[in-house]
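Asks: Sharing model.cif, mmCIF, C-alpha atoms and all ligand atoms:
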```cif
data_data
loop_
_atom_site.label_atom_id
_atom_site.label_comp_id
_atom_site.auth_asym_id
_atom_site.auth_seq_id
_atom_site.Cartn_x
_atom_site.Cartn_y
_atom_site.Cartn_z
CA MET N 182 -10.18 -20.52 -24.79
CA ALA N 183 -11.65 -19.90 -21.35
CA ILE N 184 -9.45 -18.99 -18.40
CA VAL N 185 -9.92 -21.27 -15.39
CA VAL N 186 -8.58 -20.27 -11.98
CA GLN N 187 -8.06 -23.12 -9.53
CA LYS N 188 -6.82 -23.02 -5.96
CA TYR N 189 -5.38 -26.00 -4.11
CA GLY N 190 -5.11 -25.81 -0.31
CA GLY N 191 -2.21 -26.91 1.87
CA SER N 192 -3.73 -30.33 2.61
CA SER N 193 -3.96 -31.03 -1.14
CA VAL N 194 -0.25 -30.35 -1.76
CA ALA N 195 1.06 -31.69 1.56
CA ASP N 196 3.56 -34.15 0.04
CA VAL N 197 5.15 -35.11 -3.26
CA ASP N 198 2.49 -37.70 -4.16
CA LYS N 199 -0.27 -35.18 -3.52
CA ILE N 200 1.52 -32.59 -5.67
CA ARG N 201 1.66 -35.15 -8.49
CA ASN N 202 -2.04 -35.92 -7.99
CA VAL N 203 -2.91 -32.23 -8.31
CA ALA N 204 -0.63 -31.88 -11.36
CA ARG N 205 -2.59 -34.65 -13.11
CA ARG N 206 -5.87 -32.88 -12.33
CA ILE N 207 -4.51 -29.59 -13.67
CA ILE N 208 -3.54 -31.34 -16.91
CA GLN N 209 -7.08 -32.75 -17.24
CA THR N 210 -8.49 -29.22 -16.97
CA ARG N 211 -5.96 -27.91 -19.48
CA GLU N 212 -6.85 -30.65 -21.94
CA LYS N 213 -10.48 -29.46 -21.97
CA ASP N 214 -9.21 -26.49 -23.97
CA ASN N 215 -8.80 -24.13 -21.03
CA GLN N 216 -6.02 -21.76 -20.07
CA VAL N 217 -5.30 -22.60 -16.46
CA VAL N 218 -4.03 -20.39 -13.65
CA VAL N 219 -3.44 -22.25 -10.40
CA VAL N 220 -2.99 -20.77 -6.94
CA VAL N 221 -1.32 -22.97 -4.35
CA SER N 222 -1.03 -22.79 -0.56
CA ALA N 223 2.08 -23.87 1.29
CA MET N 224 2.55 -27.63 1.78
CA GLY N 225 0.69 -29.00 4.84
CA ASP N 226 1.67 -27.17 8.03
CA THR N 227 4.61 -25.30 6.47
CA THR N 228 3.34 -21.85 7.47
CA ASP N 229 2.95 -22.92 11.12
CA ASP N 230 6.44 -24.43 11.03
CA LEU N 231 7.93 -21.21 9.62
CA ILE N 232 6.22 -19.16 12.33
CA ASP N 233 7.64 -21.51 14.99
CA LEU N 234 11.07 -21.17 13.46
CA ALA N 235 10.93 -17.38 13.63
CA HIS N 236 9.80 -17.54 17.26
CA ARG N 237 12.77 -19.71 18.11
CA ILE N 238 14.93 -16.74 17.15
CA THR N 239 12.85 -13.99 18.75
CA ASP N 240 9.56 -13.42 20.59
CA GLN N 241 8.74 -10.54 18.31
CA PRO N 242 9.91 -11.23 14.77
CA ASP N 243 10.35 -8.16 12.63
CA PRO N 244 7.12 -7.92 10.57
CA ARG N 245 8.90 -7.31 7.27
CA GLU N 246 11.27 -10.23 7.70
CA LEU N 247 8.49 -12.50 8.91
CA ASP N 248 6.42 -11.84 5.79
CA VAL N 249 9.32 -12.70 3.50
CA LEU N 250 9.91 -15.86 5.52
CA LEU N 251 6.24 -16.93 5.38
CA SER N 252 5.99 -16.19 1.66
CA THR N 253 8.60 -18.88 1.01
CA GLY N 254 6.11 -21.62 1.93
CA GLU N 255 4.04 -20.90 -1.15
CA ILE N 256 7.17 -20.42 -3.28
CA VAL N 257 8.16 -24.00 -2.45
CA SER N 258 4.77 -25.50 -3.38
CA SER N 259 4.39 -23.42 -6.56
CA THR N 260 7.83 -24.31 -7.89
CA LEU N 261 7.38 -28.01 -7.10
CA MET N 262 4.00 -27.95 -8.84
CA ALA N 263 5.53 -26.37 -11.96
CA MET N 264 8.30 -29.00 -11.91
CA ALA N 265 5.74 -31.82 -11.57
CA LEU N 266 3.79 -30.49 -14.56
CA LYS N 267 6.91 -30.15 -16.71
CA GLN N 268 8.03 -33.63 -15.69
CA MET N 269 4.67 -34.91 -17.01
CA GLY N 270 5.42 -33.20 -20.31
CA HIS N 271 3.21 -30.21 -19.71
CA PRO N 272 4.44 -26.60 -20.12
CA ALA N 273 4.19 -24.64 -16.87
CA VAL N 274 5.77 -21.74 -15.03
CA SER N 275 5.64 -20.69 -11.37
CA LEU N 276 5.27 -17.04 -10.37
CA SER N 277 5.66 -15.47 -6.94
CA GLY N 278 2.96 -12.99 -5.91
CA ALA N 279 5.23 -10.13 -6.97
CA GLN N 280 5.96 -11.69 -10.37
CA ALA N 281 2.23 -12.27 -10.85
CA GLY N 282 1.67 -8.51 -10.38
CA ILE N 283 -0.20 -8.67 -7.07
CA HIS N 284 0.21 -5.24 -5.49
CA THR N 285 -0.71 -4.74 -1.85
CA ASP N 286 -0.61 -2.09 0.82
CA ALA N 287 2.26 -2.21 3.31
CA SER N 288 0.47 -3.73 6.31
CA PHE N 289 2.67 -6.75 6.90
CA SER N 290 0.92 -9.99 7.85
CA ARG N 291 -2.48 -8.56 6.92
CA ALA N 292 -1.88 -6.82 3.60
CA ARG N 293 -4.77 -5.89 1.32
CA ILE N 294 -4.61 -6.36 -2.43
CA LEU N 295 -4.71 -2.95 -4.12
CA LYS N 296 -4.47 -4.03 -7.75
CA ILE N 297 -3.32 -6.84 -9.97
CA GLU N 298 -1.21 -6.10 -13.03
CA ALA N 299 -1.74 -9.34 -14.90
CA ARG N 300 0.48 -8.69 -17.94
CA ARG N 301 3.01 -11.36 -17.05
CA ILE N 302 0.30 -13.97 -16.41
CA PHE N 303 -1.33 -13.25 -19.79
CA LYS N 304 2.06 -13.43 -21.50
CA GLU N 305 2.77 -16.84 -20.00
CA LEU N 306 -0.70 -18.12 -20.92
CA GLU N 307 -0.17 -16.95 -24.51
CA LYS N 308 3.08 -18.92 -24.59
CA GLY N 309 1.03 -22.01 -23.74
CA ASN N 310 2.13 -22.24 -20.12
CA THR N 311 -0.04 -23.22 -17.22
CA VAL N 312 0.69 -20.57 -14.59
CA ILE N 313 1.21 -21.56 -10.96
CA VAL N 314 0.94 -18.56 -8.65
CA ALA N 315 2.23 -18.65 -5.06
CA GLY N 316 -0.80 -17.75 -2.95
CA PHE N 317 -1.08 -15.55 0.16
CA GLN N 318 1.46 -12.91 -0.92
CA GLY N 319 2.04 -9.72 -2.81
CA ILE N 320 4.40 -6.80 -3.11
CA THR N 321 4.25 -3.15 -2.03
CA ASP N 322 5.09 -0.15 -4.19
CA GLY N 323 8.37 -0.06 -2.25
CA MET N 324 9.10 -3.66 -3.40
CA ASP N 325 8.63 -5.27 0.00
CA VAL N 326 7.07 -8.72 0.10
CA THR N 327 3.81 -8.90 2.08
CA THR N 328 1.46 -11.67 3.15
CA LEU N 329 -2.32 -11.40 3.22
CA GLY N 330 -3.02 -13.01 6.60
CA ARG N 331 -3.58 -16.64 7.51
CA GLY N 332 -5.72 -18.47 4.98
CA GLY N 333 -4.98 -15.73 2.44
CA SER N 334 -4.46 -17.98 -0.59
CA ASP N 335 -8.22 -18.17 -1.07
CA THR N 336 -8.22 -14.39 -1.44
CA THR N 337 -5.38 -14.55 -3.98
CA ALA N 338 -7.43 -17.00 -6.04
CA VAL N 339 -10.63 -14.97 -6.04
CA ALA N 340 -8.74 -11.73 -6.80
CA LEU N 341 -7.01 -13.41 -9.76
CA ALA N 342 -10.27 -14.92 -11.02
CA VAL N 343 -11.82 -11.44 -10.99
CA SER N 344 -8.92 -9.67 -12.66
CA LEU N 345 -8.36 -12.36 -15.31
CA GLY N 346 -12.07 -12.48 -16.17
CA ALA N 347 -12.57 -16.15 -15.25
CA GLY N 348 -16.12 -17.45 -15.12
CA VAL N 349 -15.65 -19.21 -11.80
CA CYS N 350 -12.98 -19.63 -9.11
CA GLU N 351 -12.48 -23.31 -8.28
CA ARG N 352 -11.27 -24.01 -4.74
CA PHE N 353 -10.09 -27.60 -4.18
CA THR N 354 -9.56 -29.04 -0.72
CA ASP N 355 -9.74 -32.22 1.33
CA VAL N 356 -13.56 -32.17 1.59
CA ASP N 357 -15.85 -32.32 -1.42
CA GLY N 358 -17.85 -29.21 -0.64
CA VAL N 359 -19.38 -26.98 2.01
CA TYR N 360 -21.33 -29.02 4.54
CA THR N 361 -24.08 -28.09 6.99
CA ALA N 362 -21.36 -28.32 9.68
CA ASP N 363 -17.71 -29.39 9.81
CA PRO N 364 -17.95 -33.04 8.68
CA ARG N 365 -15.05 -33.86 11.01
CA LEU N 366 -17.30 -32.99 13.96
CA VAL N 367 -20.68 -34.06 12.64
CA PRO N 368 -20.60 -37.31 10.65
CA GLU N 369 -24.21 -36.84 9.48
CA ALA N 370 -23.51 -33.33 8.10
CA ARG N 371 -24.93 -32.87 4.61
CA LYS N 372 -23.19 -31.38 1.59
CA LEU N 373 -24.89 -28.23 0.30
CA PRO N 374 -25.18 -28.16 -3.51
CA GLU N 375 -25.17 -24.34 -3.39
CA ILE N 376 -25.11 -21.44 -0.95
CA GLY N 377 -25.33 -17.65 -1.29
CA TYR N 378 -22.48 -15.23 -0.54
CA GLU N 379 -24.22 -13.77 2.48
CA GLU N 380 -24.65 -17.07 4.31
CA MET N 381 -21.21 -18.32 3.29
CA LEU N 382 -19.65 -15.10 4.55
CA GLU N 383 -21.20 -15.57 8.01
CA LEU N 384 -20.17 -19.24 8.13
CA ALA N 385 -16.61 -18.43 7.05
CA THR N 386 -16.27 -15.45 9.41
CA TYR N 387 -17.52 -17.54 12.33
CA GLY N 388 -15.13 -20.44 11.81
CA SER N 389 -15.91 -22.68 8.82
CA LYS N 390 -12.36 -22.76 7.54
CA VAL N 391 -13.28 -24.46 4.28
CA LEU N 392 -13.17 -20.96 2.77
CA HIS N 393 -11.59 -17.74 4.01
CA HIS N 394 -14.07 -14.97 4.75
CA ARG N 395 -12.10 -12.30 2.87
CA ALA N 396 -12.28 -14.44 -0.27
CA VAL N 397 -16.05 -14.79 0.12
CA GLU N 398 -16.44 -11.06 0.65
CA LEU N 399 -14.41 -10.27 -2.46
CA ALA N 400 -16.33 -12.84 -4.50
CA GLY N 401 -19.61 -11.28 -3.38
CA VAL N 402 -18.51 -7.77 -4.31
CA TYR N 403 -17.53 -8.86 -7.84
CA ASN N 404 -20.21 -11.54 -8.17
CA MET N 405 -17.57 -14.21 -8.82
CA PRO N 406 -18.93 -17.73 -8.25
CA ILE N 407 -16.71 -20.06 -6.21
CA LEU N 408 -16.87 -23.82 -6.60
CA VAL N 409 -15.65 -25.71 -3.53
CA ALA N 410 -14.76 -29.29 -4.45
CA SER N 411 -12.41 -32.16 -3.65
CA SER N 412 -8.80 -32.45 -4.83
CA PHE N 413 -9.14 -36.21 -4.62
CA THR N 414 -12.56 -37.17 -6.03
CA ASP N 415 -14.82 -36.00 -8.86
CA SER N 416 -17.97 -35.44 -6.80
CA PRO N 417 -19.85 -32.26 -7.75
CA GLY N 418 -18.95 -29.84 -4.94
CA THR N 419 -20.72 -26.72 -3.67
CA LEU N 420 -21.34 -23.60 -5.75
CA ILE N 421 -21.22 -20.31 -3.87
CA HIS N 422 -22.99 -17.67 -5.90
CA GLY N 423 -25.34 -14.71 -5.86
CA GLY N 424 -28.57 -16.31 -6.90
CA ALA N 425 -28.64 -19.19 -4.44
CA SER N 426 -32.10 -20.09 -3.09
CA MET N 427 -33.16 -16.71 -1.85
CA GLU N 428 -36.53 -17.54 -0.36
CA VAL N 429 -35.92 -20.53 1.83
CA ARG N 430 -37.95 -19.91 4.92
CA ASN N 431 -37.66 -21.53 8.31
CA LYS N 432 -34.31 -22.95 7.62
CA VAL N 433 -30.94 -22.81 9.28
CA ARG N 434 -28.41 -23.36 6.49
CA GLY N 435 -25.40 -24.35 8.48
CA ILE N 436 -23.47 -24.31 11.75
CA ALA N 437 -20.00 -22.87 12.20
CA HIS N 438 -17.68 -23.33 15.14
CA ASP N 439 -14.46 -21.69 16.20
CA LEU N 440 -12.18 -22.92 18.97
CA ASP N 441 -9.97 -19.83 18.91
CA VAL N 442 -11.78 -17.67 21.46
CA ALA N 443 -10.51 -15.97 24.62
CA LYS N 444 -12.55 -13.62 26.80
CA ILE N 445 -11.54 -10.58 28.82
CA THR N 446 -13.80 -8.95 31.40
CA VAL N 447 -13.05 -5.57 32.92
CA ILE N 448 -14.99 -5.41 36.18
CA GLY N 449 -16.36 -2.19 37.60
CA VAL N 450 -15.34 0.43 35.05
CA PRO N 451 -16.84 3.90 35.60
CA ASP N 452 -20.01 4.15 33.49
CA LYS N 453 -19.22 7.38 31.62
CA PRO N 454 -18.46 8.55 28.08
CA GLY N 455 -15.00 7.79 26.70
CA VAL N 456 -14.21 4.70 28.74
CA ALA N 457 -14.82 2.21 25.91
CA ALA N 458 -12.83 4.34 23.47
CA GLY N 459 -10.01 4.50 26.02
CA ILE N 460 -9.81 0.70 26.00
CA PHE N 461 -10.47 -0.21 22.39
CA GLU N 462 -8.35 2.45 20.68
CA PRO N 463 -5.08 1.20 22.24
CA LEU N 464 -6.08 -2.39 21.42
CA ALA N 465 -6.63 -1.47 17.79
CA LYS N 466 -3.30 0.36 17.70
CA ALA N 467 -1.61 -2.78 19.05
CA GLY N 468 -3.15 -4.75 16.19
CA VAL N 469 -5.52 -6.79 18.37
CA SER N 470 -8.85 -7.41 16.71
CA VAL N 471 -11.72 -7.55 19.12
CA ASP N 472 -14.79 -9.58 18.33
CA THR N 473 -17.87 -9.82 20.54
CA ILE N 474 -18.27 -6.87 22.93
CA VAL N 475 -20.85 -6.78 25.72
CA GLN N 476 -21.28 -4.14 28.41
CA ASN N 477 -23.64 -4.48 31.35
CA ALA N 478 -24.49 -1.64 33.64
CA GLY N 479 -23.65 -2.73 37.17
CA THR N 480 -24.38 -0.94 40.43
CA GLY N 481 -23.27 2.51 41.56
CA ASN N 482 -22.41 3.90 38.14
CA LEU N 483 -20.01 1.06 37.44
CA ALA N 484 -20.20 -1.26 34.43
CA ASP N 485 -18.64 -4.58 33.43
CA LEU N 486 -17.14 -4.73 29.96
CA THR N 487 -16.58 -8.11 28.32
CA PHE N 488 -15.02 -8.80 24.93
CA THR N 489 -13.38 -11.63 23.05
CA VAL N 490 -10.10 -11.87 21.15
CA ALA N 491 -8.21 -14.67 19.41
CA LYS N 492 -6.33 -16.87 21.89
CA GLY N 493 -2.98 -15.83 20.44
CA ASP N 494 -3.80 -12.17 21.16
CA LEU N 495 -4.85 -12.64 24.80
CA LYS N 496 -1.51 -11.87 26.41
CA LYS N 497 -0.93 -8.80 24.25
CA ALA N 498 -4.47 -7.56 24.93
CA MET N 499 -4.09 -7.99 28.70
CA ASP N 500 -0.71 -6.22 28.64
CA VAL N 501 -2.22 -3.30 26.73
CA ILE N 502 -5.36 -2.77 28.78
CA LYS N 503 -4.31 -3.59 32.35
CA PRO N 504 -2.54 -0.27 33.02
CA ILE N 505 -5.28 1.65 31.21
CA VAL N 506 -8.21 0.20 33.14
CA GLN N 507 -6.31 0.49 36.41
CA SER N 508 -5.84 4.20 35.92
CA ALA N 509 -9.50 4.48 34.83
CA GLY N 510 -10.41 3.09 38.25
CA ALA N 511 -11.67 -0.37 37.29
CA LYS N 512 -11.84 -2.99 40.03
CA ASP N 513 -10.26 -5.92 38.23
CA THR N 514 -9.56 -7.52 34.86
CA VAL N 515 -10.05 -11.26 34.40
CA SER N 516 -9.63 -13.54 31.41
CA ASP N 517 -10.60 -17.00 30.22
CA ALA N 518 -8.64 -18.61 27.38
CA LYS N 519 -10.65 -21.82 27.07
CA LEU N 520 -13.69 -20.79 25.09
CA GLY N 521 -15.28 -21.57 21.76
CA LYS N 522 -17.93 -20.09 19.54
CA VAL N 523 -20.86 -21.84 17.88
CA SER N 524 -23.08 -20.11 15.34
CA ILE N 525 -26.24 -21.01 13.45
CA VAL N 526 -26.59 -19.24 10.10
CA GLY N 527 -29.42 -18.90 7.62
CA THR N 528 -31.18 -16.15 5.66
CA GLY N 529 -34.40 -18.00 6.53
CA MET N 530 -33.97 -16.75 10.10
CA GLN N 531 -34.44 -13.13 9.04
CA ASN N 532 -37.58 -11.69 10.64
CA ALA N 533 -38.65 -15.17 11.75
CA PRO N 534 -39.07 -15.59 15.50
CA GLY N 535 -38.21 -18.66 17.51
CA TYR N 536 -34.70 -19.53 16.35
CA ALA N 537 -32.93 -18.20 19.42
CA ALA N 538 -35.36 -19.98 21.74
CA ARG N 539 -34.88 -23.25 19.87
CA MET N 540 -31.11 -22.86 19.91
CA PHE N 541 -30.90 -22.08 23.63
CA SER N 542 -33.25 -24.88 24.56
CA ALA N 543 -31.24 -27.43 22.55
CA LEU N 544 -28.10 -26.27 24.38
CA SER N 545 -29.76 -26.33 27.79
CA LYS N 546 -30.90 -29.93 27.21
CA GLU N 547 -27.21 -30.77 26.85
CA ASN N 548 -26.47 -28.80 30.01
CA ILE N 549 -24.25 -26.38 28.06
CA ASN N 550 -23.83 -23.01 29.71
CA ILE N 551 -23.95 -19.95 27.45
CA GLN N 552 -21.50 -17.20 28.40
CA LEU N 553 -22.17 -14.60 25.71
CA ILE N 554 -24.61 -14.22 22.84
CA THR N 555 -24.31 -12.14 19.67
CA THR N 556 -26.50 -11.97 16.61
CA SER N 557 -26.74 -10.57 13.11
CA GLU N 558 -29.85 -10.64 10.94
CA ILE N 559 -28.96 -14.10 9.71
CA ARG N 560 -26.83 -15.52 12.54
CA ILE N 561 -26.98 -16.34 16.23
CA THR N 562 -23.67 -17.00 18.00
CA VAL N 563 -23.06 -18.35 21.49
CA ILE N 564 -19.77 -18.37 23.35
CA ILE N 565 -19.33 -21.44 25.51
CA ASP N 566 -16.71 -23.59 27.21
CA GLU N 567 -14.35 -24.92 24.51
CA ALA N 568 -14.75 -28.48 25.83
CA ARG N 569 -18.47 -28.40 24.95
CA VAL N 570 -18.21 -27.05 21.40
CA LYS N 571 -18.40 -30.45 19.75
CA ASP N 572 -21.50 -31.44 21.76
CA ALA N 573 -23.11 -28.09 20.98
CA VAL N 574 -22.56 -28.37 17.23
CA ARG N 575 -23.97 -31.89 17.18
CA ALA N 576 -26.97 -31.00 19.33
CA LEU N 577 -27.83 -27.99 17.15
CA HIS N 578 -27.41 -30.01 13.98
CA ARG N 579 -30.03 -32.43 15.34
CA ALA N 580 -32.30 -29.72 16.73
CA PHE N 581 -32.53 -27.92 13.39
CA GLU N 582 -32.69 -31.19 11.43
CA LEU N 583 -29.85 -30.18 9.14
CA GLU N 584 -29.23 -33.75 8.00
CA LYS N 585 -32.55 -33.53 6.10
CA ALA N 586 -32.56 -31.81 2.69
P1 LIG N 601 -7.00 -26.52 2.83
O1 LIG N 601 -5.78 -27.25 3.25
O2 LIG N 601 -7.51 -26.99 1.50
O3 LIG N 601 -6.89 -25.04 2.93
P2 LIG N 601 -8.53 -26.51 5.29
O4 LIG N 601 -8.12 -27.59 6.25
O5 LIG N 601 -8.09 -25.11 5.57
O6 LIG N 601 -8.13 -26.99 3.82
O7 LIG N 601 -10.12 -26.49 5.15
C1 LIG N 601 -10.83 -27.67 4.88
C2 LIG N 601 -11.41 -28.20 6.19
O8 LIG N 601 -12.45 -27.32 6.60
C3 LIG N 601 -12.12 -29.54 6.09
O9 LIG N 601 -11.24 -30.60 6.22
C4 LIG N 601 -13.14 -29.47 7.21
O10 LIG N 601 -12.73 -30.20 8.35
C5 LIG N 601 -13.21 -28.00 7.57
N1 LIG N 601 -14.57 -27.47 7.60
C6 LIG N 601 -15.06 -26.67 8.58
N2 LIG N 601 -16.34 -26.37 8.35
C7 LIG N 601 -16.69 -26.98 7.20
C8 LIG N 601 -17.90 -27.05 6.45
N3 LIG N 601 -19.01 -26.40 6.85
N4 LIG N 601 -17.90 -27.75 5.30
C9 LIG N 601 -16.78 -28.39 4.89
N5 LIG N 601 -15.61 -28.37 5.57
C10 LIG N 601 -15.56 -27.68 6.71
N1 LIG N 602 -0.17 -20.86 3.89
C1 LIG N 602 -0.97 -19.80 4.45
C2 LIG N 602 -1.58 -20.24 5.77
O1 LIG N 602 -1.36 -21.37 6.20
C3 LIG N 602 -2.01 -19.29 3.50
C4 LIG N 602 -3.04 -20.29 3.05
O2 LIG N 602 -2.85 -21.49 3.21
O3 LIG N 602 -4.07 -19.86 2.50
O4 LIG N 602 -2.26 -19.49 6.39
MG MG N 603 -6.95 -23.49 4.56
#
```
Here is a file; write its structure as structure tokens.
Ligand code: ADP
Ligand code: ASP
Ligand code: MG
Replies:
Amino acid sequence: MAIVVQKYGGSSVADVDKIRNVARRIIQTREKDNQVVVVVSAMGDTTDDLIDLAHRITDQPDPRELDVLLSTGEIVSSTLMAMALKQMGHPAVSLSGAQAGIHTDASFSRARILKIEARRIFKELEKGNTVIVAGFQGITDGMDVTTLGRGGSDTTAVALAVSLGAGVCERFTDVDGVYTADPRLVPEARKLPEIGYEEMLELATYGSKVLHHRAVELAGVYNMPILVASSFTDSPGTLIHGGASMEVRNKVRGIAHDLDVAKITVIGVPDKPGVAAGIFEPLAKAGVSVDTIVQNAGTGNLADLTFTVAKGDLKKAMDVIKPIVQSAGAKDTVSDAKLGKVSIVGTGMQNAPGYAARMFSALSKENINIQLITTSEIRITVIIDEARVKDAVRALHRAFELEKA
């Protein structure tokens, strides 16, 4: 019997009818002579609701308590799923992350999986149970519950697929695959039959939330294929794997966008060694992750330093750096919380000139102003006004003719 690992996202288990729908699909997989391990996310917006609840008690919830609170979202969906399966006459058991043997480090709200001791899962499978694992959580050596960071259930699923020796990790959601752009923004976006880890990683990291980037990274390291498909239809889905069309030239594979971008500019910092370290070390200590960083040399040995953070981190970041840059002699610190990020991604862009020019000209035709630009070998990202993100994604989709196969 083969072991199949399936993951169902929050939108697929958002209410009781949807849980029943997923339960029926799990039974179909089981009946094809498979042992099935299922990872579930919390129902709908449960995690957001739990975070709001904590913030109604305190501005700064204790990290340990917050992780236990958030882990309950997935406990609810996993137990309901097991009940639905049993009610349909099918043997099933739910396991929390800890019961499933998912061991993590102790960094609350962003814990990393250290190892999986899968004995209990194997024992349940041998008993004939379908195992429903609560995603997004684990346990430390000191027996504290941790969560893996927002969107972390995808990582749980890939990690389990690897440690249980599954042939593929199936990730079911409310779209039937990975598209050339978010189909909610671009109606003519095209479903990709397959995509390589490298391109998927860039798309996921730069905003395509159909798959979490940490899950893609882990899958790439262990060469675990991921199938992204619909929880509601039987259409074929997208296979993310290592051997996907390596030599496609002159092609942008997809466009990612991210509306969660805020920008900070420190104006007139002394242009000398140690200044950047003096700003970014305290930010890292405060747990703020910084994305795009640009420094321009200004006049008179002064430089302007610009970087982006997630919108939710803007206040914390400003509070941390304001006193530092003041004492370093900077002129001013300004911020803009209404930005977005649009990226074109494709291995075909590697060593091929002209993509940036084409991208910028498509944006200029729409009168979209570019504030910052960053690139990797297979990606070009622009930071623009958040109100223009939708127009930008659509314009680039047309400019690179992504609707055509
Ligand atoms: P789940 O509840 O299953 O975790 P999410 O809402 O987190 O689902 O992710 C699925 C959503 O990702 C889709 O509804 C779609 O709007 C969005 N999405 C963004 N980019 C893409 C893309 N390139 N292909 C498919 N879906 C995308
Ligand atoms: N429920 C968690 C979240 O909303 C984890 C997940 O859905 O993957 O971030
Ligand atoms: Mg999700």
Asks: Residues within 8 Å of ligand LIG 601 (chain N) should be enumerated using only C-alpha atoms and all ligand atoms and returned as a ChimeraX atom specification.
Replies: /N:189-193,222,225,332,352-366,372,384,388-392,435-438
Asks: Counting only C-alpha atoms, what is within 10 Å of Gln280 (chain N), bar same-chain residues fewer than 3 positions away, as a PyMOL selection string?
Replies: chain N and resi 275-277+283-284+298-302+314-315+319-320
Asks: Edge lengths and centre in Å to one decimal, as JSON, of the axis-aligned box that encloses all listed atoms of ligand LIG 602 (chain N) with 6 Å added on every side?
Replies:
```
{"center_x": -2.1, "center_y": -20.4, "center_z": 4.4, "size_x": 15.9, "size_y": 14.2, "size_z": 15.9}
```
Asks: With all atoms listed in the file as the atoms that count, which of N:Arg293, N:His236, N:His393, N:Arg205 lies nearest to ligand MG 603 (chain N)?
Replies: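 Of all the options, N:His393 lies closest to ligand MG 603 (chain N).
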Asks: Can I get the residues of chain N within 9 Å of ligand LIG 602 (chain N), each with the closest pair of atoms and their distance in Å to one decimal, using only C-alpha atoms and all ligand atoms, sorted chain first then ascending number, as a Markdown table?
Replies:
```
| residue | atom | partner | partner_atom | distance |
| --- | --- | --- | --- | --- |
| N:Tyr189 | CA | N:LIG602 | O2 | 9.0 |
| N:Gly190 | CA | N:LIG602 | O2 | 6.0 |
| N:Gly191 | CA | N:LIG602 | O2 | 5.6 |
| N:Ser192 | CA | N:LIG602 | O2 | 8.9 |
| N:Val221 | CA | N:LIG602 | O2 | 7.9 |
| N:Ser222 | CA | N:LIG602 | O2 | 4.4 |
| N:Ala223 | CA | N:LIG602 | N1 | 4.6 |
| N:Met224 | CA | N:LIG602 | N1 | 7.6 |
| N:Gly225 | CA | N:LIG602 | O1 | 8.0 |
| N:Asp226 | CA | N:LIG602 | O1 | 6.8 |
| N:Thr227 | CA | N:LIG602 | N1 | 7.0 |
| N:Thr228 | CA | N:LIG602 | O1 | 4.9 |
| N:Asp229 | CA | N:LIG602 | O1 | 6.7 |
| N:Leu251 | CA | N:LIG602 | N1 | 7.7 |
| N:Ser252 | CA | N:LIG602 | N1 | 8.0 |
| N:Gly254 | CA | N:LIG602 | N1 | 6.6 |
| N:Glu255 | CA | N:LIG602 | N1 | 6.6 |
| N:Gly316 | CA | N:LIG602 | O3 | 6.7 |
| N:Phe317 | CA | N:LIG602 | C3 | 5.1 |
| N:Gln318 | CA | N:LIG602 | C3 | 8.5 |
| N:Thr328 | CA | N:LIG602 | C3 | 8.4 |
| N:Leu329 | CA | N:LIG602 | C3 | 7.9 |
| N:Gly330 | CA | N:LIG602 | O4 | 6.5 |
| N:Arg331 | CA | N:LIG602 | O4 | 3.3 |
| N:Gly332 | CA | N:LIG602 | O3 | 3.3 |
| N:Gly333 | CA | N:LIG602 | O3 | 4.2 |
| N:Ser334 | CA | N:LIG602 | O3 | 3.6 |
| N:Asp335 | CA | N:LIG602 | O3 | 5.7 |
| N:Thr336 | CA | N:LIG602 | O3 | 7.9 |
| N:Thr337 | CA | N:LIG602 | O3 | 8.5 |
| N:His393 | CA | N:LIG602 | O3 | 8.0 |
```
Asks: Mind checking which residues fall within 6 Å of Val217 (chain N), counting all atoms listed in the file, ignoring those fewer than 6 positions away in the same chain, and posting them as a PyMOL selection string?
Replies: chain N and resi 184-185+311
Asks: So what do you get for CA of Pro242 (chain N) versus CA of Gly323 (chain N), distance-wise?
Replies: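 Between CA of Pro242 (chain N) and CA of Gly323 (chain N) the gap is 20.4 Å.
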Asks: Report as a list of chain:residue names all protein, DNA and RNA residues lying within 7 Å of Gln187 (chain N), evaluated on all atoms listed in the file, omitting residues in the same chain fewer than 4 positions from it.
Replies: N:Val218, N:Val219, N:Val220, N:Cys350, N:Glu351, N:Arg352
Asks: Near Gly449 (chain N), counting only C-alpha atoms, which residues have an atom at most 12 Å away, once you skip same-chain residues fewer than 5 positions from it, shown as a compact mmCIF listing (two decimals) with C-alpha atoms, in the coordinates of the input?
Replies:
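Output below, filename part_1.txt:
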```
# COMPACT_ATOMS: atom_id res chain seq x y z
CA VAL N 456 -14.21 4.70 28.74
CA GLN N 476 -21.28 -4.14 28.41
CA ASN N 477 -23.64 -4.48 31.35
CA ALA N 478 -24.49 -1.64 33.64
CA GLY N 479 -23.65 -2.73 37.17
CA THR N 480 -24.38 -0.94 40.43
CA GLY N 481 -23.27 2.51 41.56
CA ASN N 482 -22.41 3.90 38.14
CA LEU N 483 -20.01 1.06 37.44
CA ALA N 484 -20.20 -1.26 34.43
CA ASP N 485 -18.64 -4.58 33.43
CA LEU N 486 -17.14 -4.73 29.96
CA THR N 487 -16.58 -8.11 28.32
CA VAL N 506 -8.21 0.20 33.14
CA GLN N 507 -6.31 0.49 36.41
CA ALA N 509 -9.50 4.48 34.83
CA GLY N 510 -10.41 3.09 38.25
CA ALA N 511 -11.67 -0.37 37.29
CA LYS N 512 -11.84 -2.99 40.03
CA ASP N 513 -10.26 -5.92 38.23
CA THR N 514 -9.56 -7.52 34.86
CA VAL N 515 -10.05 -11.26 34.40
```
